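Only one structure is covered here, and it is reproduced in the block below.
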Amino acid sequence: MRTPPSPRTTLAVALLVLLVLTATAALLVPAPARAPEEPAACPGRAPGNWSTDPATTGAFARYGDDDSRTDDWTGGDGTHSVRLPDGRTLWLFSDTFLDLVHPPPNPQGAPTRWRTTVTGGTPFLRHNSLVVMTPEGRPERTLTGGTPAVPGPFFPDPPGGGWRWPVHATVEPRTPGAAERVVRVLLWNRAPGTGPWVFGVPHGTEVATLALPDLRLESLTPVADQGAVADPGRRVLYGTALVRVGDVTYVFGGDDPPGSPADSAYLAKVPAGRLADRAAWRFWDGARWRPDAAGAVPVLRGGGRRGVGSAYTVVRDGRTWVLLTMDTAGGGTAGLRTITGYWACAPQGPWHGPAGRITPPRPAGPDPDHVAVYNPQAHPELTDGTGLLLSYDVNWLGPPGAAADPVVNGDVELYRPRFLRLRWAPAGE
């Protein structure tokens, strides 16, 4: 006669069966996929060792010194680049010098190359130009507006005054999934101003579409107008950095509060092929993506020893996002001398830092204490085994009231980009 199982034995068997069924179900149901923006573990990164890049610096110096044309680039700032499908590189500059470069000595007797117009006046092109570089790395052509005799900005000034400064650019499908590709250029629309707004009152962000391969300007489209924001210091301009991840383009921007050494960084995202479609833009509000730019909040808030300059750059190193900016939160002259970094595991942060500092070389000029470094920009498409190609702009910012034109035109190196090869170092929390 079989002995019936005890209640305790029956309960143990039931629990065992339940555990087996639960484990089997877990194996059959896939784990939820990680959202693309959800932070994942990543190693900290900071700017580490670097070396000068004389090849790229020298290529622009030789091009600027060549007087075979008098309507092409001899210097500029706001240095951004984008690789074109045929292997050329398109360089975008903000304020630009043209005309003639003369051998030393300059009019003050200094052993420097110097610049004049054809007629001997002050050579200056507001407010933008493009330079086309060959696949071999040789700048060969300047694109401007107007005529060769009277050149103007490639991106025309807005009606009613102001100007457009190009920032980052990318090549993307004309429409999502299309085979035809175009160049999209982010533009900062600024209005004339005085006092703290001597470099222009922020107005909004636009996207220019350029046809390929001839780089003809097709259209200008507002995508983040900020005119309704009463305080100009709270207006956010987007495009200082673009990072493409899969079918999404992340667009970084910043505000520009007067009197503050540190700005805040903001973030938007756009599906590939829709940068010129305002309805496709979404802005990070601290918890989610929303279509209203007015609801955006900083992903890296300026204040204390943290913050970004008005122009900064963002790249990815594996899973790690790295932001490079002038060390504007460091106080003193660091904001015009030293580059620092922040890192994160997702574009919206949290951003750790500042971490690491590098002080790139500057031309001495007649007054080295007033030679400034600004606008660090990464050029991943031109990076090689020696490191990330990083440009920075230089200028002479003399004491208040001092005229800059005689100094900058008296030494052409004072308004040309310089280049480094940068390698990463570990960064802690």
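Numbering starts fresh at 1 for the residues of each chain in the structure tokens, the chains themselves are lettered A, B, ... in the order given, and ligands are numbered from 1 as they appear.
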DSSP on the backbone, then: every residue of range 57-250 of chain A marked helix (DSSP H, G or I), written as a ChimeraX atom specification.
-> /A:57-65,195-197,232-234
Among range 134-195 of chain A, which ones does DSSP place in strand (DSSP E or B), written as an MDAnalysis selection string?
-> chainID A and resid 139:143 145:146 151:152 163:173 181:191
Requested write-out: C-alpha atoms of the selected residues, as a CSV table (one decimal), in the first residue's frame:
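In the end it all went to part.csv:
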chain,number,residue,atom,x,y,z
A,139,PRO,CA,42.6,74.2,-49.2
A,140,GLU,CA,41.9,75.2,-52.8
A,141,ARG,CA,38.8,77.5,-53.0
A,142,THR,CA,36.9,80.1,-51.0
A,143,LEU,CA,33.2,80.4,-51.4
A,145,GLY,CA,28.6,85.8,-51.7
A,146,GLY,CA,28.6,89.0,-53.7
A,151,PRO,CA,32.6,89.8,-52.0
A,152,GLY,CA,30.0,89.3,-49.3
A,163,TRP,CA,24.3,88.4,-39.6
A,164,ARG,CA,24.6,84.6,-39.7
A,165,TRP,CA,27.5,82.7,-38.2
A,166,PRO,CA,27.8,79.1,-39.4
A,167,VAL,CA,28.5,76.5,-36.8
A,168,HIS,CA,28.4,72.7,-37.2
A,169,ALA,CA,27.4,71.0,-40.4
A,170,THR,CA,26.6,67.4,-41.5
A,171,VAL,CA,25.8,65.4,-44.6
A,172,GLU,CA,22.4,63.7,-44.5
A,173,PRO,CA,19.7,62.3,-46.8
A,181,ARG,CA,22.3,63.6,-49.9
A,182,VAL,CA,22.7,67.3,-49.0
A,183,VAL,CA,24.8,69.4,-46.6
A,184,ARG,CA,22.9,70.8,-43.7
A,185,VAL,CA,24.6,73.8,-42.0
A,186,LEU,CA,23.5,75.1,-38.6
A,187,LEU,CA,23.5,78.9,-38.5
A,188,TRP,CA,23.4,81.3,-35.6
A,189,ASN,CA,21.2,84.3,-36.4
A,190,ARG,CA,22.4,87.4,-34.4
A,191,ALA,CA,21.2,91.0,-34.4
Choose the residue, out of A:Arg115, A:Cys42, A:Leu237, A:Gly341, that has the smallest atom-to-atom separation from Gly318 in chain A; count only C-alpha atoms.
->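 Nearest candidate to Gly318 in chain A out of A:Arg115, A:Cys42, A:Leu237, A:Gly341: A:Cys42.
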Show me, as a tab-separated table, the residues of range 251-343 of chain A having an atom within 8 Å of range 348-355 of chain A, each with the closest atom pair and its distance in Å, using only C-alpha atoms.
residue	atom	partner	partner_atom	distance
A:Leu267	CA	A:Gln348	CA	6.9
A:Trp284	CA	A:Gln348	CA	7.5
A:Val299	CA	A:Gln348	CA	5.4
A:Leu300	CA	A:Trp351	CA	6.5
A:Arg305	CA	A:Pro354	CA	7.8
A:Arg306	CA	A:Pro354	CA	6.6
A:Thr340	CA	A:Ala355	CA	6.2
A:Gly341	CA	A:Ala355	CA	5.2
A:Tyr342	CA	A:Gly353	CA	4.7
A:Trp343	CA	A:His352	CA	5.3
Expressed in Å to a single decimal, how great is the separation between CA of Gln377 in chain A and CA of Leu422 in chain A?
->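 Those two atoms sit 11.5 Å apart.
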